[in-house]
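Student: Encoded as structure tokens, here's the structure I'll be asking about.
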Amino acid sequence: GFADTHLTGAPMAIPPETEAQILRYHHAERWPIGTIATQLNLHRDSVARILAQAGLPAIHVIRRPSAVDPYLPFILETLEQFPRLRASRLYVMVKARGYPGQPDHFRHLIARHRPRPKREAFLRLRTLPGEQMQVDWGHFGHLEIGKARRPLMAFVAVLSYSRQIFLRFYLGAHMENFLRGHIGAFAAWGGVPRVALYDNLKSAVLERQGSVIRFNPTLLALAGHYRFEPRPVAVARGNEKGRVERSIRYIRDAFFAGRPFTDVADLNAQADAWVIEHAGARRCPEDESITVREAFLQEQERLLALPGDAFPCEEIKVVSAGKTPYVRFDLNDYSIPHTCVARRLTVAATLEQVRILDGQTLIATHPRSYDRRQQIEIPEHIADLVAEKHQASAYRGTDQLVQAIPASRALLAGAVERGEPLGRTVRALAELLERYGVAELKVAIDDALARDVPHPNAVRLALERRRQVLAVPPPLAVALPEQVKQRDIPVQPHDLAGYDALMENRNDHA
């Protein structure tokens, strides 16, 4: 059988259970190599290779001459120069040189002589207490918050010596959350390791060309503040940060799988308790005679001291306020005073709070929302805008009225002094102006002022008395609804003489 080889001639990996069958049939059942190969649909060379790997001596058989023998020096020289050359291409080359055999048999011959790649051996990496931590993000699905769907990311940091874990969940792997994770880990450990090891995260490494690395400047600022060295792992060397990768798998299986929680705050509270109680009770790989918790207490003494102040990690964003009293940040709209519209403002946000600043002046503070398309408002912002709009409407009406009838200024001033609302007075006089006209209203206002009654009702009475004296009909509203206009269209009556003659003829026949 030839089921265990590729078309390239390279042997396929034989599953462990098949290897166990080969060993059992050879040792327990005393089957020869040919019988095992036939029954398991394998090539006899594969069976011999498995037995040789198990420590059995190679079985010497009398080798008959083969048609490929004259070409073996050429084949071995070519494979040494081009070890990945496909068997099909090598067959064409040998065929052109006179080889009489068939391609199927030739592939198995090549598989026996193809050089095997060398396996790389890795040393177990050991670190001193307080020397190194490893950092990475883990993705744990998504959360539905109102109308928003946000990724649930776990910031995981592990001390390489004691295997002490710091675990914190965030809604997104933003740079600010990356910084918050570091600050939280240092605070929880009460100190800072000397080296932080990263994979090629965008939060850590912006660009890499060979050995030349350009770190994220914000991460460098954090490292300078806490006095640790950021260090990326070598390319294709995931084993260098195997501690944090194994910790993420451990978190998935031992903590997150099937765990109910109400929100991110509840999940983080459970994570803190799990890290202390469950993860801290496991055996330390560096010294299995003690637990991770006990190893961490030894390592904690070797950590660098924390600085006096924490590194600032607010999300800072410059936003533009439009005509409405809101600014948009992280999928939601937050209210601002109406006096701050149409300008550039600054948003400074923590995980719980959103502050809005005009230059250095704080103009609004809101609780942060992780929903989307929501309007988070301070009631005073909207109430002040509504009040100004009403006041502006009254001022516009006042300007129009005073411009048409200058004497109305005195009447309005007198009405305000008597406690009358300015807006209501202006609207009443504007309505009279529209119905009676400038000339009539001017006379009526002068009459009301002469009587020392600065009120729209006094103006209205003066207009009615003047109308009765002049014997004119009451004024009608200028603007009529469209259906009223159509109903009042005059209709020309028809001549009914023809109907009268028709009726007379009917009476005569009767």
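So you can find residues: chains in the structure tokens are A, B, ... in the order shown, residues in each start at 1, and ligands are numbered from 1 in order.
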Find the spatial neighbours of A:Leu401, counting only C-alpha atoms, within a cut-off of 10 Å - ignore same-chain residues fewer than 6 positions away - and output them as a list in words.

Tutor: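 My reading of the contact set: Tyr395, Ala407, Ser408, Arg409, Leu412, Val426, Arg427, Leu429, Ala430, Leu433 and Val438 of chain A.
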
Student: Kindly export the residues of the current selection with C-alpha atoms, as a CSV table (one decimal), in the first residue's frame.

Tutor:
```
chain,number,residue,atom,x,y,z
A,395,TYR,CA,-36.6,90.1,21.1
A,407,ALA,CA,-44.4,104.5,20.2
A,408,SER,CA,-44.8,100.8,21.0
A,409,ARG,CA,-41.4,100.9,22.9
A,412,LEU,CA,-43.8,97.6,26.1
A,426,VAL,CA,-45.3,91.3,21.8
A,427,ARG,CA,-47.2,88.5,20.2
A,429,LEU,CA,-49.5,93.5,19.5
A,430,ALA,CA,-48.0,91.7,16.5
A,433,LEU,CA,-50.7,94.9,13.7
A,438,VAL,CA,-49.7,100.3,11.1
```

Student: Do a neighbour search on A:Gly242 at 12 Å with only C-alpha atoms, toss out local chain neighbours closer than 3 positions, and write the hits as a list in words.

Tutor: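 Counting only C-alpha atoms, the residues come to Arg124, Leu125, Arg126, Met133, Gln134, Val135, Asp136, Ala157, Val158, Leu159, Ser160, Arg163, Leu197, Tyr198, Asp199, Val233, Arg237, Gly238, Asn239, Glu245, Arg246, Ser247, Ile248, Arg249 and Tyr250 of chain A.
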
Student: Apply DSSP to the backbone of this structure and, from stretch 165-248 of chain A, keep only the residues in alpha helix (DSSP H); write these as an NGL selection string.

Tutor: :A and (175-189 or 217-226 or 242-248)

Student: Would you list the contacts of stretch 170-173 of chain A as a list in words, taking every protein, DNA or RNA residue within 7 Å and counting only C-alpha atoms, but skipping same-chain residues closer than 2 positions in sequence?

Tutor: Arg150, Pro151, Leu152, Met153, Ala154, Arg168, Met175, Asn177 and Phe178 of chain A

Student: For atom CA of A:Pro473 and atom CA of A:Gly423, determine how far apart the two atoms are, in Å to one decimal place.

Tutor: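 Pair atom CA of A:Pro473 / atom CA of A:Gly423 returns 29.4 Å.
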
Student: Excluding same-chain residues fewer than 4 positions from A:Asp446, what lies within 9 Å of it counting only C-alpha atoms, as a list in words?

Tutor: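 Non-adjacent residues within range: Ala407, Ser408, Leu411, Leu441, Lys442, Ala450, Arg451 and Val459 of chain A.
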
Student: What's around A:Leu90 at 10 Å? Count only C-alpha atoms, leave out sequence neighbours fewer than 4 positions away in its own chain, and write the answer as a PyMOL selection string.

Tutor: chain A and resi 8+75+78-79+85-86+94-96+103+106-107+110

Student: Which residues, written as a PDB file with C-alpha atoms, in the first residue's frame, have at least one atom at most 7 Å from stretch 312-314 of chain A, with only C-alpha atoms counted and residues fewer than 4 positions away on the same chain left out?

Tutor:
```
ATOM      1  CA  GLU A 176      -5.655  53.554  26.646  1.00  0.00           C
ATOM      2  CA  LEU A 179      -1.962  51.400  29.468  1.00  0.00           C
ATOM      3  CA  ARG A 180      -4.652  50.835  32.103  1.00  0.00           C
ATOM      4  CA  ALA A 348     -11.115  63.440  28.222  1.00  0.00           C
ATOM      5  CA  ALA A 349     -12.639  60.051  29.105  1.00  0.00           C
ATOM      6  CA  THR A 350     -12.011  57.384  31.714  1.00  0.00           C
TER       7      THR A 350
END
```

Student: Show me, as number ranges by chain, the residues that have an atom within 12 Å of A:Ala413 when counting only C-alpha atoms, minus same-chain residues fewer than 3 positions from it.

Tutor: A: 398, 402, 407-410, 416-422, 425-426, 449, 453-455

Student: Restricting it to N, CA, C and O atoms, dump the selection as a PDB file, in the first residue's frame.

Tutor:
```pdb
ATOM      1  N   THR A 398     -40.012  92.145  19.182  1.00  0.00           N
ATOM      2  CA  THR A 398     -39.913  93.529  19.686  1.00  0.00           C
ATOM      3  C   THR A 398     -39.251  94.439  18.656  1.00  0.00           C
ATOM      4  O   THR A 398     -39.718  95.557  18.408  1.00  0.00           O
ATOM      5  N   VAL A 402     -41.163  97.700  17.148  1.00  0.00           N
ATOM      6  CA  VAL A 402     -40.644  99.044  17.400  1.00  0.00           C
ATOM      7  C   VAL A 402     -40.253  99.729  16.100  1.00  0.00           C
ATOM      8  O   VAL A 402     -40.434 100.938  15.937  1.00  0.00           O
ATOM      9  N   ALA A 407     -43.700 104.262  18.954  1.00  0.00           N
ATOM     10  CA  ALA A 407     -44.380 104.501  20.234  1.00  0.00           C
ATOM     11  C   ALA A 407     -44.619 103.215  21.012  1.00  0.00           C
ATOM     12  O   ALA A 407     -44.880 103.260  22.223  1.00  0.00           O
ATOM     13  N   SER A 408     -44.531 102.069  20.336  1.00  0.00           N
ATOM     14  CA  SER A 408     -44.783 100.809  21.028  1.00  0.00           C
ATOM     15  C   SER A 408     -43.690 100.501  22.052  1.00  0.00           C
ATOM     16  O   SER A 408     -43.915  99.712  22.974  1.00  0.00           O
ATOM     17  N   ARG A 409     -42.509 101.124  21.938  1.00  0.00           N
ATOM     18  CA  ARG A 409     -41.440 100.876  22.904  1.00  0.00           C
ATOM     19  C   ARG A 409     -41.874 101.289  24.299  1.00  0.00           C
ATOM     20  O   ARG A 409     -41.631 100.584  25.291  1.00  0.00           O
ATOM     21  N   ALA A 410     -42.526 102.466  24.380  1.00  0.00           N
ATOM     22  CA  ALA A 410     -42.980 102.953  25.684  1.00  0.00           C
ATOM     23  C   ALA A 410     -44.052 102.038  26.264  1.00  0.00           C
ATOM     24  O   ALA A 410     -44.089 101.764  27.474  1.00  0.00           O
ATOM     25  N   VAL A 416     -43.889  95.715  30.953  1.00  0.00           N
ATOM     26  CA  VAL A 416     -42.899  94.942  31.712  1.00  0.00           C
ATOM     27  C   VAL A 416     -42.824  95.435  33.149  1.00  0.00           C
ATOM     28  O   VAL A 416     -42.700  94.650  34.098  1.00  0.00           O
ATOM     29  N   GLU A 417     -42.882  96.758  33.337  1.00  0.00           N
ATOM     30  CA  GLU A 417     -42.851  97.302  34.696  1.00  0.00           C
ATOM     31  C   GLU A 417     -44.033  96.828  35.523  1.00  0.00           C
ATOM     32  O   GLU A 417     -43.923  96.662  36.745  1.00  0.00           O
ATOM     33  N   ARG A 418     -45.160  96.591  34.883  1.00  0.00           N
ATOM     34  CA  ARG A 418     -46.353  96.120  35.599  1.00  0.00           C
ATOM     35  C   ARG A 418     -46.364  94.594  35.755  1.00  0.00           C
ATOM     36  O   ARG A 418     -47.343  94.048  36.251  1.00  0.00           O
ATOM     37  N   GLY A 419     -45.297  93.919  35.294  1.00  0.00           N
ATOM     38  CA  GLY A 419     -45.199  92.467  35.494  1.00  0.00           C
ATOM     39  C   GLY A 419     -45.753  91.633  34.373  1.00  0.00           C
ATOM     40  O   GLY A 419     -45.895  90.405  34.536  1.00  0.00           O
ATOM     41  N   GLU A 420     -46.059  92.244  33.225  1.00  0.00           N
ATOM     42  CA  GLU A 420     -46.590  91.473  32.114  1.00  0.00           C
ATOM     43  C   GLU A 420     -45.444  90.768  31.377  1.00  0.00           C
ATOM     44  O   GLU A 420     -44.370  91.341  31.192  1.00  0.00           O
ATOM     45  N   PRO A 421     -45.640  89.517  30.940  1.00  0.00           N
ATOM     46  CA  PRO A 421     -44.591  88.834  30.170  1.00  0.00           C
ATOM     47  C   PRO A 421     -44.339  89.558  28.852  1.00  0.00           C
ATOM     48  O   PRO A 421     -45.284  89.874  28.119  1.00  0.00           O
ATOM     49  N   LEU A 422     -43.068  89.798  28.566  1.00  0.00           N
ATOM     50  CA  LEU A 422     -42.723  90.527  27.353  1.00  0.00           C
ATOM     51  C   LEU A 422     -43.130  89.765  26.102  1.00  0.00           C
ATOM     52  O   LEU A 422     -43.695  90.350  25.153  1.00  0.00           O
ATOM     53  N   THR A 425     -46.905  89.925  25.433  1.00  0.00           N
ATOM     54  CA  THR A 425     -47.323  91.266  25.008  1.00  0.00           C
ATOM     55  C   THR A 425     -46.935  91.532  23.557  1.00  0.00           C
ATOM     56  O   THR A 425     -47.717  92.084  22.767  1.00  0.00           O
ATOM     57  N   VAL A 426     -45.708  91.131  23.192  1.00  0.00           N
ATOM     58  CA  VAL A 426     -45.253  91.348  21.817  1.00  0.00           C
ATOM     59  C   VAL A 426     -46.101  90.558  20.839  1.00  0.00           C
ATOM     60  O   VAL A 426     -46.489  91.070  19.779  1.00  0.00           O
ATOM     61  N   LEU A 449     -51.544 104.768  25.861  1.00  0.00           N
ATOM     62  CA  LEU A 449     -50.534 105.467  26.641  1.00  0.00           C
ATOM     63  C   LEU A 449     -51.104 106.718  27.293  1.00  0.00           C
ATOM     64  O   LEU A 449     -50.742 107.078  28.421  1.00  0.00           O
ATOM     65  N   VAL A 453     -52.635 103.079  30.475  1.00  0.00           N
ATOM     66  CA  VAL A 453     -52.953 101.656  30.585  1.00  0.00           C
ATOM     67  C   VAL A 453     -52.101 100.914  29.558  1.00  0.00           C
ATOM     68  O   VAL A 453     -52.567 100.571  28.461  1.00  0.00           O
ATOM     69  N   PRO A 454     -50.811 100.611  29.842  1.00  0.00           N
ATOM     70  CA  PRO A 454     -49.922  99.942  28.879  1.00  0.00           C
ATOM     71  C   PRO A 454     -50.178  98.442  28.833  1.00  0.00           C
ATOM     72  O   PRO A 454     -49.398  97.634  29.365  1.00  0.00           O
ATOM     73  N   HIS A 455     -51.264  98.058  28.172  1.00  0.00           N
ATOM     74  CA  HIS A 455     -51.649  96.647  28.122  1.00  0.00           C
ATOM     75  C   HIS A 455     -52.265  96.366  26.752  1.00  0.00           C
ATOM     76  O   HIS A 455     -52.971  97.223  26.188  1.00  0.00           O
TER      77      HIS A 455
END
```

Student: Going by DSSP on the backbone, which bits of stretch 59-178 of chain A are strand (DSSP E)? Write them as a PyMOL selection string, please.

Tutor: chain A and resi 132-145+148-159+165-170

Student: When you draw a straight line from atom CA of A:Trp137 to atom CA of A:Ser162, how long is it in Å?

Tutor: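 Those two atoms sit 20.0 Å apart.
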
Student: My list of candidates is A:Leu40, A:Ala67, A:Leu463, A:Val319. Which is closest to A:Gly98 when distances are computed with only C-alpha atoms?

Tutor: A:Ala67

Student: Expressed in Å to a single decimal, how great is the separation between atom CA of A:Phe296 and atom CA of A:Gln164?

Tutor: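 Interatomic distance, atom CA of A:Phe296 to atom CA of A:Gln164: 6.2 Å.
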
Student: So which one's closest to A:Tyr71, A:Ala281, A:Leu109, A:Leu306, A:Leu51? Using only C-alpha atoms, please.

Tutor: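 That would be A:Leu109, the residue with the smallest distance to A:Tyr71.
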
Student: Taking only C-alpha atoms into account, which of A:Gly141, A:Pro456, A:Pro15, A:Gly437 comes nearest A:Arg252?

Tutor: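 Among the listed residues, A:Gly141 lies closest to A:Arg252.
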